[in-house]
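Source file: protein.txt; contents: compact mmCIF, C-alpha atoms and all ligand atoms.
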# COMPACT_ATOMS: atom_id res chain seq x y z
CA MET A 1 -37.86 -23.84 45.11
CA ILE A 2 -35.53 -23.22 42.22
CA ASP A 3 -32.60 -25.55 41.99
CA GLN A 4 -29.04 -24.40 41.38
CA GLN A 5 -28.87 -25.62 37.79
CA SER A 6 -31.91 -23.81 36.57
CA ILE A 7 -30.69 -20.56 38.16
CA SER A 8 -27.57 -20.72 36.07
CA ARG A 9 -29.73 -20.94 32.99
CA ARG A 10 -31.78 -17.87 33.85
CA LEU A 11 -30.97 -14.45 32.59
CA ARG A 12 -31.54 -11.55 34.94
CA VAL A 13 -32.95 -8.49 33.26
CA TYR A 14 -33.08 -5.36 35.33
CA THR A 15 -35.70 -2.92 34.12
CA CYS A 16 -34.30 -0.06 36.18
CA HIS A 17 -30.57 0.35 36.57
CA ILE A 18 -30.62 2.82 39.43
CA GLN A 19 -32.67 0.69 41.71
CA PRO A 20 -33.49 -2.83 40.66
CA VAL A 21 -37.17 -2.66 41.46
CA VAL A 22 -38.44 -5.31 39.18
CA VAL A 23 -36.36 -8.30 38.26
CA ILE A 24 -37.66 -10.39 35.39
CA GLU A 25 -36.20 -13.81 35.02
CA ARG A 26 -36.27 -15.44 31.62
CA GLU A 27 -35.56 -19.01 30.78
CA LEU A 28 -32.61 -19.31 28.37
CA VAL A 29 -33.49 -21.75 25.67
CA GLY A 30 -31.00 -24.56 25.34
CA HIS A 31 -28.96 -24.55 22.15
CA GLN A 32 -29.60 -28.20 21.44
CA ASP A 33 -33.36 -27.74 21.54
CA THR A 34 -33.36 -25.24 18.67
CA MET A 35 -31.22 -27.19 16.27
CA GLY A 36 -32.52 -30.41 14.99
CA VAL A 37 -30.81 -33.09 12.96
CA VAL A 38 -31.87 -31.53 9.64
CA GLU A 39 -30.40 -28.15 10.46
CA SER A 40 -27.12 -29.57 11.72
CA THR A 41 -26.75 -31.64 8.59
CA MET A 42 -27.43 -28.62 6.40
CA LEU A 43 -24.78 -26.63 8.25
CA ALA A 44 -22.32 -29.48 7.96
CA VAL A 45 -22.75 -29.35 4.19
CA ALA A 46 -23.07 -25.58 3.82
CA ILE A 47 -19.95 -24.52 5.71
CA PRO A 48 -17.41 -26.66 3.86
CA SER A 49 -19.00 -25.98 0.47
CA THR A 50 -19.05 -22.21 1.07
CA MET A 51 -15.40 -22.42 2.04
CA ALA A 52 -14.62 -24.45 -1.08
CA LEU A 53 -16.43 -21.84 -3.20
CA ILE A 54 -14.54 -18.93 -1.63
CA TYR A 55 -11.31 -20.84 -2.01
CA SER A 56 -11.85 -21.51 -5.69
CA TRP A 57 -12.92 -17.88 -6.20
CA ILE A 58 -9.70 -16.49 -4.71
CA SER A 59 -7.40 -19.12 -6.18
CA PHE A 60 -4.53 -17.96 -8.34
CA PRO A 61 -2.18 -20.01 -10.55
CA SER A 62 0.91 -21.11 -8.72
CA HIS A 63 3.44 -21.10 -11.57
CA LEU A 64 6.35 -18.75 -11.08
CA MET A 65 6.00 -16.98 -14.45
CA ILE A 66 2.57 -15.76 -15.38
CA LYS A 67 1.50 -13.74 -18.38
CA LEU A 68 -1.85 -12.02 -18.02
CA ASP A 69 -3.59 -10.79 -21.13
CA GLY A 70 -5.46 -7.95 -19.45
CA ALA A 71 -4.81 -5.39 -16.73
CA THR A 72 -5.61 -6.27 -13.11
CA SER A 73 -9.12 -5.30 -12.04
CA LEU A 74 -10.56 -4.32 -8.69
CA THR A 75 -11.95 -7.86 -8.32
CA ASP A 76 -8.41 -9.27 -8.74
CA VAL A 77 -7.24 -6.90 -6.02
CA ILE A 78 -10.03 -7.90 -3.63
CA LYS A 79 -9.21 -11.57 -4.20
CA ALA A 80 -5.52 -10.80 -3.58
CA TYR A 81 -6.39 -9.20 -0.23
CA VAL A 82 -8.41 -12.25 0.81
CA ARG A 83 -5.37 -14.39 -0.07
CA LEU A 84 -3.16 -12.04 1.95
CA LEU A 85 -5.47 -12.29 4.97
CA ILE A 86 -5.44 -16.08 5.06
CA LYS A 87 -1.82 -16.44 3.99
CA VAL A 88 0.28 -18.86 5.96
CA PRO A 89 3.85 -17.57 5.77
CA SER A 90 6.71 -19.91 5.04
CA SER A 91 7.95 -21.79 8.10
CA LEU A 92 11.57 -21.75 6.93
CA PRO A 93 14.03 -20.00 9.26
CA ALA A 94 14.61 -16.41 8.09
CA ALA A 95 18.15 -17.06 6.81
CA LYS A 96 17.01 -20.05 4.70
CA LEU A 97 14.00 -18.15 3.45
CA VAL A 98 16.17 -15.30 2.20
CA GLU A 99 18.50 -17.75 0.48
CA ASN A 100 15.62 -19.47 -1.27
CA PHE A 101 13.57 -16.42 -2.10
CA PRO A 102 11.43 -17.36 -5.10
CA VAL A 103 11.49 -15.56 -8.45
CA ILE A 104 7.82 -14.92 -9.10
CA GLU A 105 7.17 -12.77 -12.15
CA ILE A 106 3.86 -11.59 -13.56
CA GLN A 107 3.42 -9.73 -16.80
CA ALA A 108 0.43 -7.72 -18.01
CA PRO A 109 -0.36 -4.95 -20.45
CA VAL A 110 -0.63 -1.49 -18.90
CA VAL A 111 -4.14 -0.33 -19.61
CA GLY A 112 -5.07 3.20 -18.63
CA GLU A 113 -8.25 5.00 -19.64
CA THR A 114 -7.78 8.71 -20.29
CA SER A 115 -10.50 9.39 -17.73
CA HIS A 116 -8.50 7.51 -15.08
CA LEU A 117 -5.42 9.64 -15.73
CA ASP A 118 -7.49 12.82 -15.72
CA ASN A 119 -9.01 11.82 -12.42
CA TYR A 120 -5.56 11.04 -10.96
CA ILE A 121 -4.36 14.50 -12.00
CA LYS A 122 -7.50 16.15 -10.65
CA GLU A 123 -7.03 14.42 -7.28
CA LEU A 124 -3.36 15.47 -7.17
CA ASN A 125 -4.86 18.93 -6.98
CA GLY A 126 -1.55 20.51 -7.96
CA ARG A 127 -0.27 23.04 -10.50
CA SER A 128 -2.42 23.91 -13.48
CA ASP A 129 -0.23 22.60 -16.31
CA LEU A 130 -0.48 18.94 -15.24
CA MET A 131 -3.45 18.25 -17.51
CA SER A 132 -1.75 19.61 -20.63
CA ASP A 133 1.71 18.18 -19.87
CA GLU A 134 2.64 15.54 -22.43
CA ILE A 135 4.67 13.55 -19.87
CA LEU A 136 2.94 11.23 -17.39
CA PRO A 137 3.19 12.21 -13.70
CA PRO A 138 6.29 10.32 -12.43
CA PHE A 139 4.36 8.02 -10.05
CA TYR A 140 1.30 7.42 -12.19
CA LEU A 141 2.60 4.08 -13.41
CA ASN A 142 2.67 2.94 -9.78
CA ALA A 143 -1.09 3.53 -9.62
CA LEU A 144 -1.53 1.50 -12.82
CA THR A 145 0.73 -1.37 -11.74
CA GLY A 146 -0.19 -1.48 -8.04
CA GLY A 147 -2.56 -4.39 -8.69
CA LEU A 148 0.18 -6.31 -10.49
CA GLN A 149 2.62 -5.76 -7.58
CA LEU A 150 -0.05 -7.05 -5.23
CA LEU A 151 -0.53 -10.18 -7.35
CA VAL A 152 3.16 -10.96 -6.85
CA MET A 153 3.01 -10.47 -3.08
CA SER A 154 -0.22 -12.46 -2.71
CA HIS A 155 1.05 -15.29 -4.93
CA PRO A 156 0.63 -18.72 -3.30
CA LEU A 157 4.41 -19.23 -3.33
CA PHE A 158 5.33 -15.79 -1.98
CA PRO A 159 6.90 -16.73 1.38
CA ILE A 160 6.15 -13.61 3.44
CA ARG A 161 2.95 -12.36 5.02
CA LEU A 162 2.55 -8.85 3.62
CA LEU A 163 0.03 -7.56 6.16
CA GLY A 164 2.17 -6.32 9.03
CA ALA A 165 5.20 -5.56 6.85
CA VAL A 166 6.20 -1.90 6.46
CA ASN A 167 7.41 0.05 3.45
CA ILE A 168 10.99 1.18 3.72
CA SER A 169 11.81 2.86 0.46
CA ASN A 170 11.02 3.19 -3.15
CA LYS A 171 13.30 3.80 -6.09
CA VAL A 172 11.86 4.90 -9.40
CA THR A 173 14.13 5.02 -12.41
CA ILE A 174 12.82 6.99 -15.33
CA HIS A 175 14.90 5.55 -18.17
CA VAL A 176 12.90 7.53 -20.70
CA PRO A 177 10.28 10.16 -19.74
CA VAL A 178 6.99 8.39 -20.47
CA LYS A 179 4.57 10.17 -22.78
CA LYS A 180 0.84 10.10 -22.16
CA GLN A 181 0.40 9.26 -25.83
CA TRP A 182 2.23 5.92 -25.43
CA LEU A 183 -0.24 4.88 -22.77
CA LYS A 184 -3.17 6.02 -24.90
CA ASP A 185 -1.85 4.02 -27.85
CA GLY A 186 -1.59 0.88 -25.72
CA GLU A 187 2.17 0.57 -26.21
CA LEU A 188 3.10 -0.16 -22.58
CA THR A 189 3.48 -3.50 -20.81
CA ALA A 190 4.58 -4.15 -17.24
CA THR A 191 6.25 -6.96 -15.38
CA SER A 192 6.38 -7.20 -11.62
CA ARG A 193 8.61 -9.65 -9.82
CA CYS A 194 10.29 -10.47 -6.53
CA GLY A 195 13.67 -8.79 -6.28
CA GLU A 196 16.37 -9.18 -3.68
CA ALA A 197 15.69 -10.25 -0.11
CA CYS A 198 18.14 -9.86 2.73
CA LEU A 199 18.38 -10.36 6.44
CA VAL A 200 18.63 -7.24 8.63
CA ARG A 201 18.50 -6.71 12.38
CA GLN A 202 14.70 -6.25 12.52
CA GLY A 203 13.75 -8.93 10.04
CA ILE A 204 13.68 -9.54 6.31
CA GLU A 205 13.91 -6.75 3.76
CA PHE A 206 12.57 -7.62 0.34
CA ASP A 207 12.11 -5.86 -2.97
CA VAL A 208 9.35 -5.99 -5.52
CA VAL A 209 10.58 -4.78 -8.88
CA THR A 210 8.21 -3.44 -11.50
CA ASN A 211 9.38 -2.67 -15.02
CA VAL A 212 7.37 -0.88 -17.68
CA TYR A 213 8.33 -1.33 -21.31
CA ARG A 214 7.30 0.60 -24.40
CA LYS A 215 7.36 -2.09 -27.05
CA ASP A 216 10.77 -3.60 -26.13
CA THR A 217 12.40 -0.57 -24.53
CA LEU A 218 12.54 -0.32 -20.76
CA VAL A 219 11.14 3.09 -19.80
CA TRP A 220 10.27 2.99 -16.08
CA THR A 221 11.39 0.86 -13.11
CA MET A 222 10.18 0.88 -9.54
CA VAL A 223 11.90 -1.03 -6.77
CA PHE A 224 9.67 -1.15 -3.72
CA ARG A 225 11.45 -2.23 -0.54
CA SER A 226 9.53 -3.52 2.48
CA LEU A 227 10.45 -4.97 5.85
CA ALA A 228 8.79 -7.98 7.44
CA PHE A 229 9.54 -8.16 11.15
CA VAL A 230 11.33 -11.27 12.45
CA LYS A 231 12.83 -11.50 15.93
CA ASN A 232 16.46 -12.33 16.66
CA THR A 233 17.84 -12.52 13.16
CA GLY A 234 21.30 -11.79 14.50
CA ALA A 235 21.98 -9.71 11.36
CA PRO A 236 23.33 -6.14 11.46
CA SER A 237 21.08 -3.11 10.88
CA SER A 238 20.66 -2.13 7.28
CA VAL A 239 22.47 0.93 6.04
CA ARG A 240 20.19 3.68 4.77
CA GLU A 241 21.13 6.28 2.26
CA LYS A 242 21.05 9.74 3.78
CA HIS A 243 19.52 12.71 2.03
CA GLU A 244 19.92 15.39 4.64
CA ILE A 245 19.28 18.79 3.23
CA ASP A 246 21.04 22.04 4.01
CA PRO A 247 18.47 24.26 5.74
CA ASP A 248 20.06 27.41 4.34
CA GLN A 249 19.55 26.39 0.75
CA VAL A 250 15.98 25.21 0.69
CA LYS A 251 12.88 26.36 -1.03
CA SER A 252 9.72 25.27 0.74
CA PHE A 253 5.98 25.10 0.17
CA VAL A 254 2.97 23.70 1.97
CA PHE A 255 -0.15 21.75 1.09
CA ASN A 256 -2.77 19.78 2.97
CA LEU A 257 -3.70 16.12 2.90
CA THR A 258 -7.39 15.65 3.63
CA GLN A 259 -8.90 13.03 5.91
CA ASN A 260 -10.12 11.01 2.90
CA ALA A 261 -6.76 11.06 1.03
CA GLY A 262 -6.29 7.34 1.78
CA ARG A 263 -9.68 6.43 0.37
CA ILE A 264 -9.14 8.58 -2.72
CA TYR A 265 -5.87 6.87 -3.58
CA ALA A 266 -7.26 3.44 -2.65
CA LYS A 267 -9.78 3.94 -5.44
CA ILE A 268 -7.31 5.31 -7.98
CA GLY A 269 -4.44 2.92 -7.29
CA TYR A 270 -6.52 -0.14 -6.25
CA ASP A 271 -4.47 -0.12 -3.05
CA ILE A 272 -7.23 -0.97 -0.59
CA ASN A 273 -4.92 -1.79 2.31
CA PRO A 274 -7.11 -1.30 5.42
CA ILE A 275 -4.49 0.94 7.07
CA HIS A 276 -5.40 3.68 4.58
CA VAL A 277 -9.14 3.34 4.31
CA SER A 278 -10.42 4.52 7.68
CA ASP A 279 -9.31 5.27 11.22
CA LEU A 280 -11.18 2.23 12.46
CA SER A 281 -9.58 -0.24 10.04
CA ALA A 282 -6.15 1.34 10.69
CA LYS A 283 -6.66 0.72 14.43
CA LEU A 284 -7.16 -2.97 13.72
CA PHE A 285 -3.57 -2.99 12.48
CA GLY A 286 -2.21 -1.05 15.41
CA PHE A 287 -2.18 2.50 14.01
CA PRO A 288 -3.94 5.32 15.88
CA ARG A 289 -5.33 6.89 12.68
CA ALA A 290 -5.57 6.22 8.95
CA LEU A 291 -2.31 6.61 7.00
CA ALA A 292 -1.63 8.26 3.68
CA HIS A 293 -0.09 6.13 0.92
CA GLY A 294 3.58 7.11 0.95
CA VAL A 295 3.90 7.20 -2.83
CA TRP A 296 0.78 9.36 -3.13
CA VAL A 297 2.30 11.89 -0.71
CA VAL A 298 5.42 12.19 -2.90
CA ALA A 299 3.27 12.37 -6.03
CA GLN A 300 1.31 15.23 -4.47
CA ALA A 301 4.49 16.99 -3.34
CA GLU A 302 5.74 16.87 -6.94
CA ALA A 303 2.40 18.12 -8.27
CA HIS A 304 2.48 21.09 -5.88
CA SER A 305 6.05 22.08 -6.75
CA GLU A 306 6.98 24.12 -9.81
CA ARG A 307 7.50 21.97 -12.88
CA ASN A 308 10.96 20.30 -12.78
CA ASP A 309 11.74 21.74 -9.34
CA ILE A 310 11.77 18.48 -7.39
CA ILE A 311 11.72 16.02 -10.26
CA ASP A 312 12.91 16.97 -13.72
CA ARG A 313 10.14 15.53 -15.83
CA ASP A 314 12.01 15.83 -19.08
CA SER A 315 15.16 13.85 -18.41
CA PRO A 316 16.11 10.34 -17.29
CA GLN A 317 16.65 10.12 -13.56
CA VAL A 318 16.41 8.14 -10.36
CA ILE A 319 13.91 9.21 -7.71
CA HIS A 320 14.75 7.67 -4.38
CA THR A 321 12.19 7.99 -1.61
CA VAL A 322 12.73 6.81 1.95
CA PHE A 323 9.68 6.44 4.19
CA LYS A 324 10.84 7.54 7.63
CA LYS A 325 7.53 7.66 9.51
CA PRO A 326 3.88 7.05 8.72
CA THR A 327 1.90 10.07 7.51
CA PHE A 328 -1.26 10.21 9.59
CA LEU A 329 -4.36 11.79 8.09
CA PRO A 330 -5.38 14.55 7.85
CA ALA A 331 -2.03 16.39 7.66
CA ASN A 332 -0.58 19.80 7.04
CA VAL A 333 2.46 19.10 4.92
CA CYS A 334 5.61 21.13 4.33
CA VAL A 335 7.95 20.19 1.48
CA LYS A 336 11.55 21.41 1.44
CA VAL A 337 13.65 21.20 -1.69
CA GLN A 338 17.36 21.76 -2.13
CA LYS A 339 18.44 22.12 -5.74
CA ARG A 340 21.72 20.56 -6.78
CA ASP A 341 23.62 20.50 -10.07
CA ASP A 342 22.48 16.95 -10.70
CA GLY A 343 18.92 17.23 -9.39
CA SER A 344 17.43 17.79 -5.96
CA TYR A 345 17.16 16.58 -2.40
CA PHE A 346 13.81 16.91 -0.70
CA THR A 347 12.01 16.23 2.56
CA VAL A 348 8.33 16.03 3.41
CA GLU A 349 7.32 17.08 6.93
CA THR A 350 3.99 16.95 8.64
CA VAL A 351 3.33 19.94 10.84
CA ASP A 352 1.20 19.36 13.89
CA LYS A 353 0.75 22.04 16.55
CA GLU A 354 4.06 23.74 15.70
CA ARG A 355 5.90 20.42 15.78
CA ALA A 356 7.38 19.19 12.53
CA THR A 357 8.08 15.52 11.82
CA ILE A 358 10.03 14.40 8.78
CA VAL A 359 7.98 11.59 7.24
CA ILE A 360 9.73 11.25 3.88
CA GLU A 361 13.25 11.96 2.68
CA GLY A 362 14.25 11.70 -0.92
CA SER A 363 16.28 12.72 -3.90
CA SER A 364 15.79 12.96 -7.61
CA LEU A 365 19.08 12.74 -9.46
CA GLN A 366 19.88 12.72 -13.13
CA ILE A 367 21.28 9.52 -14.48
CA GLU A 368 24.93 10.02 -15.35
CA LYS A 369 25.46 9.77 -19.05
C1 LIG B 401 -3.98 23.75 5.62
O1 LIG B 401 -4.81 23.61 6.74
C2 LIG B 401 -4.58 24.57 7.76
C3 LIG B 401 -5.50 24.24 8.91
O2 LIG B 401 -5.25 22.95 9.38
C4 LIG B 401 -4.81 25.96 7.24
O3 LIG B 401 -4.52 26.89 8.25
C5 LIG B 401 -3.92 26.21 6.04
O4 LIG B 401 -4.19 27.44 5.46
C6 LIG B 401 -4.10 25.11 4.99
N1 LIG B 401 -3.06 25.28 3.98
C7 LIG B 401 -3.27 25.20 2.67
C8 LIG B 401 -2.09 25.38 1.79
O5 LIG B 401 -4.38 24.98 2.19
C1 LIG B 402 3.11 -0.14 1.50
O1 LIG B 402 3.13 -1.01 0.42
C2 LIG B 402 1.99 -1.82 0.30
C3 LIG B 402 2.21 -2.77 -0.82
O2 LIG B 402 2.56 -2.10 -2.00
C4 LIG B 402 0.77 -0.96 0.11
O3 LIG B 402 -0.38 -1.74 0.09
C5 LIG B 402 0.67 0.05 1.23
O4 LIG B 402 -0.36 0.92 0.94
C6 LIG B 402 1.95 0.82 1.42
N1 LIG B 402 1.87 1.61 2.65
C7 LIG B 402 2.10 2.91 2.69
C8 LIG B 402 2.05 3.54 4.05
O5 LIG B 402 2.31 3.59 1.70

Show the structure stored in the file as structure tokens.
Amino acid sequence: MIDQQSISRRLRVYTCHIQPVVVIERELVGHQDTMGVVESTMLAVAIPSTMALIYSWISFPSHLMIKLDGATSLTDVIKAYVRLLIKVPSSLPAAKLVENFPVIEIQAPVVGETSHLDNYIKELNGRSDLMSDEILPPFYLNALTGGLQLLVMSHPLFPIRLLGAVNISNKVTIHVPVKKQWLKDGELTATSRCGEACLVRQGIEFDVVTNVYRKDTLVWTMVFRSLAFVKNTGAPSSVREKHEIDPDQVKSFVFNLTQNAGRIYAKIGYDINPIHVSDLSAKLFGFPRALAHGVWVVAQAEAHSERNDIIDRDSPQVIHTVFKKPTFLPANVCVKVQKRDDGSYFTVETVDKERATIVIEGSSLQIEK
């Protein structure tokens, strides 16, 4: 006779699933029997010390102003993502949090190898004069300072959990068109810092501001606005700038974003956010497929347009990009541009089975003198 208790510790293995002809019963070995005192002690030491090691590896200074003497590396970015994953967001109520938003600022030299820039241009896969152009592609400095921006948002005192937040918009000001030579000569430095934060209906909107200087002159600014969802803020919806274009006055062109576009830019811009890297990792964050990096889509749109058609590379201007919807990969993309006296309005649509979805709306306008 087999008693009730030993049955519950037996595992039934059917060798034929259509008709269970033979049933083999195996004794499950008790957990306690396999682990002696020595092993448990070793585990008790190993787990905390591994955690302490990981913790010291990912640790980052917690002062509010930090000056780095080298550019951020891929290792820094990986550590930043580990910090983001384990980040405990501030427990302050949203309104208090916005009021007390910290001013974290990190400075570093902008270091760009010529081969990195050449590779960026090659991957843009756009018009042929990009390689010989003496001006940097307008969003290239985002690829070079992406790591720095991430250091700000993964800083121990940054109050918001970045994973789960969405990108709302991006405003690049080209104060002075940036020459490739300046980068080559090591004349550029960048600072990245927390900008404004405000309460809106869906949560907290916050800016990360990155400035690039040539010696002491400000040449390039990017204000990246994101939204972290918080329920019941009681605040009104935020007002978005509209850039609707007149369909009768547009010039349009198409290009394709490949399935691996997210991985390509992850490598170039050190933006290894899992939502871009593969369909599987995007699913973990609730997206059906991998997403393109919004800024990379605009950079590619510019590279596929005629020179100075969307963005006038040779004069100071403000490029405002609003991310309306995620761009799922792969995608057939249609860009529409409406020229104006002071610049252009543009939209980026993805075209899927005859249906077009506007994913990005933007403008590039000259700075009034
Ligand atoms: C983009 O891909 C589609 C197929 O999905 C193809 O028909 C089209 O020619 C491609 N367009 C360009 C500009 O390569
Ligand atoms: C949104 O911004 C974050 C932080 O800069 C970045 O990691 C992510 O790739 C961006 N997402 C999209 C869809 O561009």

Legend entry - Pick from A:Asp69, A:Asp246, A:Asp207, A:Asp216 nearest to ligand LIG 402 (chain B), counting all atoms listed in the file: A:Asp207

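In terms of minimum interatomic distance to ligand LIG 401 (chain B), A:Val254 ranks closest within A:Pro316, A:Phe206, A:Val351, A:Val254, counting only C-alpha atoms and all ligand atoms.
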
Can you pull out the residues contacting stretch 222-234 of chain A? Cut-off 10 Å, using all atoms listed in the file, and skip same-chain residues under 3 positions away; I want them as an mmCIF file with C-alpha atoms, keeping the file's coordinate frame.
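File part-v3.cif, as written:
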data_model
loop_
_atom_site.group_PDB
_atom_site.id
_atom_site.type_symbol
_atom_site.label_atom_id
_atom_site.label_comp_id
_atom_site.auth_asym_id
_atom_site.auth_seq_id
_atom_site.Cartn_x
_atom_site.Cartn_y
_atom_site.Cartn_z
ATOM 1 C CA PRO A 93 14.030 -20.000 9.260
ATOM 2 C CA ALA A 94 14.610 -16.410 8.090
ATOM 3 C CA ALA A 95 18.150 -17.060 6.810
ATOM 4 C CA PHE A 139 4.360 8.020 -10.050
ATOM 5 C CA LEU A 141 2.600 4.080 -13.410
ATOM 6 C CA ASN A 142 2.670 2.940 -9.780
ATOM 7 C CA THR A 145 0.730 -1.370 -11.740
ATOM 8 C CA GLN A 149 2.620 -5.760 -7.580
ATOM 9 C CA ILE A 160 6.150 -13.610 3.440
ATOM 10 C CA ARG A 161 2.950 -12.360 5.020
ATOM 11 C CA LEU A 162 2.550 -8.850 3.620
ATOM 12 C CA LEU A 163 0.030 -7.560 6.160
ATOM 13 C CA GLY A 164 2.170 -6.320 9.030
ATOM 14 C CA ALA A 165 5.200 -5.560 6.850
ATOM 15 C CA VAL A 166 6.200 -1.900 6.460
ATOM 16 C CA ASN A 167 7.410 0.050 3.450
ATOM 17 C CA ILE A 168 10.990 1.180 3.720
ATOM 18 C CA SER A 169 11.810 2.860 0.460
ATOM 19 C CA ASN A 170 11.020 3.190 -3.150
ATOM 20 C CA LYS A 171 13.300 3.800 -6.090
ATOM 21 C CA VAL A 172 11.860 4.900 -9.400
ATOM 22 C CA THR A 173 14.130 5.020 -12.410
ATOM 23 C CA ILE A 174 12.820 6.990 -15.330
ATOM 24 C CA SER A 192 6.380 -7.200 -11.620
ATOM 25 C CA ARG A 193 8.610 -9.650 -9.820
ATOM 26 C CA CYS A 194 10.290 -10.470 -6.530
ATOM 27 C CA GLY A 195 13.670 -8.790 -6.280
ATOM 28 C CA GLU A 196 16.370 -9.180 -3.680
ATOM 29 C CA ALA A 197 15.690 -10.250 -0.110
ATOM 30 C CA CYS A 198 18.140 -9.860 2.730
ATOM 31 C CA LEU A 199 18.380 -10.360 6.440
ATOM 32 C CA VAL A 200 18.630 -7.240 8.630
ATOM 33 C CA ARG A 201 18.500 -6.710 12.380
ATOM 34 C CA GLN A 202 14.700 -6.250 12.520
ATOM 35 C CA GLY A 203 13.750 -8.930 10.040
ATOM 36 C CA ILE A 204 13.680 -9.540 6.310
ATOM 37 C CA GLU A 205 13.910 -6.750 3.760
ATOM 38 C CA PHE A 206 12.570 -7.620 0.340
ATOM 39 C CA ASP A 207 12.110 -5.860 -2.970
ATOM 40 C CA VAL A 208 9.350 -5.990 -5.520
ATOM 41 C CA VAL A 209 10.580 -4.780 -8.880
ATOM 42 C CA THR A 210 8.210 -3.440 -11.500
ATOM 43 C CA ASN A 211 9.380 -2.670 -15.020
ATOM 44 C CA VAL A 212 7.370 -0.880 -17.680
ATOM 45 C CA SER A 237 21.080 -3.110 10.880
ATOM 46 C CA VAL A 318 16.410 8.140 -10.360
ATOM 47 C CA ILE A 319 13.910 9.210 -7.710
ATOM 48 C CA HIS A 320 14.750 7.670 -4.380
ATOM 49 C CA THR A 321 12.190 7.990 -1.610
ATOM 50 C CA VAL A 322 12.730 6.810 1.950
#

Quick one: which chain A residues come within 10 Å of ligand LIG 401 (chain B), and what is the nearest atom pair for each with the distance in Å to one decimal, counting all atoms listed in the file, rows ordered by chain and ascending number, as a Markdown table?
| residue | atom | partner | partner_atom | distance |
| --- | --- | --- | --- | --- |
| A:Phe253 | CA | B:LIG401 | C8 | 8.2 |
| A:Val254 | CA | B:LIG401 | C8 | 5.3 |
| A:Phe255 | CA | B:LIG401 | C8 | 4.2 |
| A:Asn256 | CA | B:LIG401 | C1 | 4.9 |
| A:Leu257 | CA | B:LIG401 | C1 | 8.1 |
| A:Thr258 | CA | B:LIG401 | O1 | 8.9 |
| A:His304 | CA | B:LIG401 | C8 | 9.9 |
| A:Pro330 | CA | B:LIG401 | O2 | 8.5 |
| A:Ala331 | CA | B:LIG401 | O2 | 7.5 |
| A:Asn332 | CA | B:LIG401 | C1 | 5.4 |
| A:Val333 | CA | B:LIG401 | C1 | 8.0 |
| A:Cys334 | CA | B:LIG401 | C8 | 9.2 |
| A:Val351 | CA | B:LIG401 | O2 | 9.2 |
| A:Asp352 | CA | B:LIG401 | O2 | 8.7 |
| A:Lys353 | CA | B:LIG401 | O2 | 9.4 |

Inset, instruction - Might you pull out every residue within 10 Å of stretch 279-282 of chain A, with all atoms listed in the file counted and same-chain residues fewer than 6 positions away left off, and present them as an MDAnalysis selection string? - result: chainID A and resid 259 273 288:291 328:329

Inset, instruction - Go ahead and compute the interatomic distance for atom CA of A:Thr327 and atom CA of A:Phe285, in Å to one decimal. - result: 15.0 Å

Legend entry - Shortest interatomic distance to A:Leu183 - which of A:Pro236, A:Gly112, A:Pro156, A:Gly146, counting all atoms listed in the file: A:Gly112

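Separating atom CA of A:Ile121 from atom CA of A:Ala80 is a distance of 26.7 Å.
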
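Interatomic distance, atom CA of A:Asp118 to atom CA of A:Lys184: 12.2 Å.
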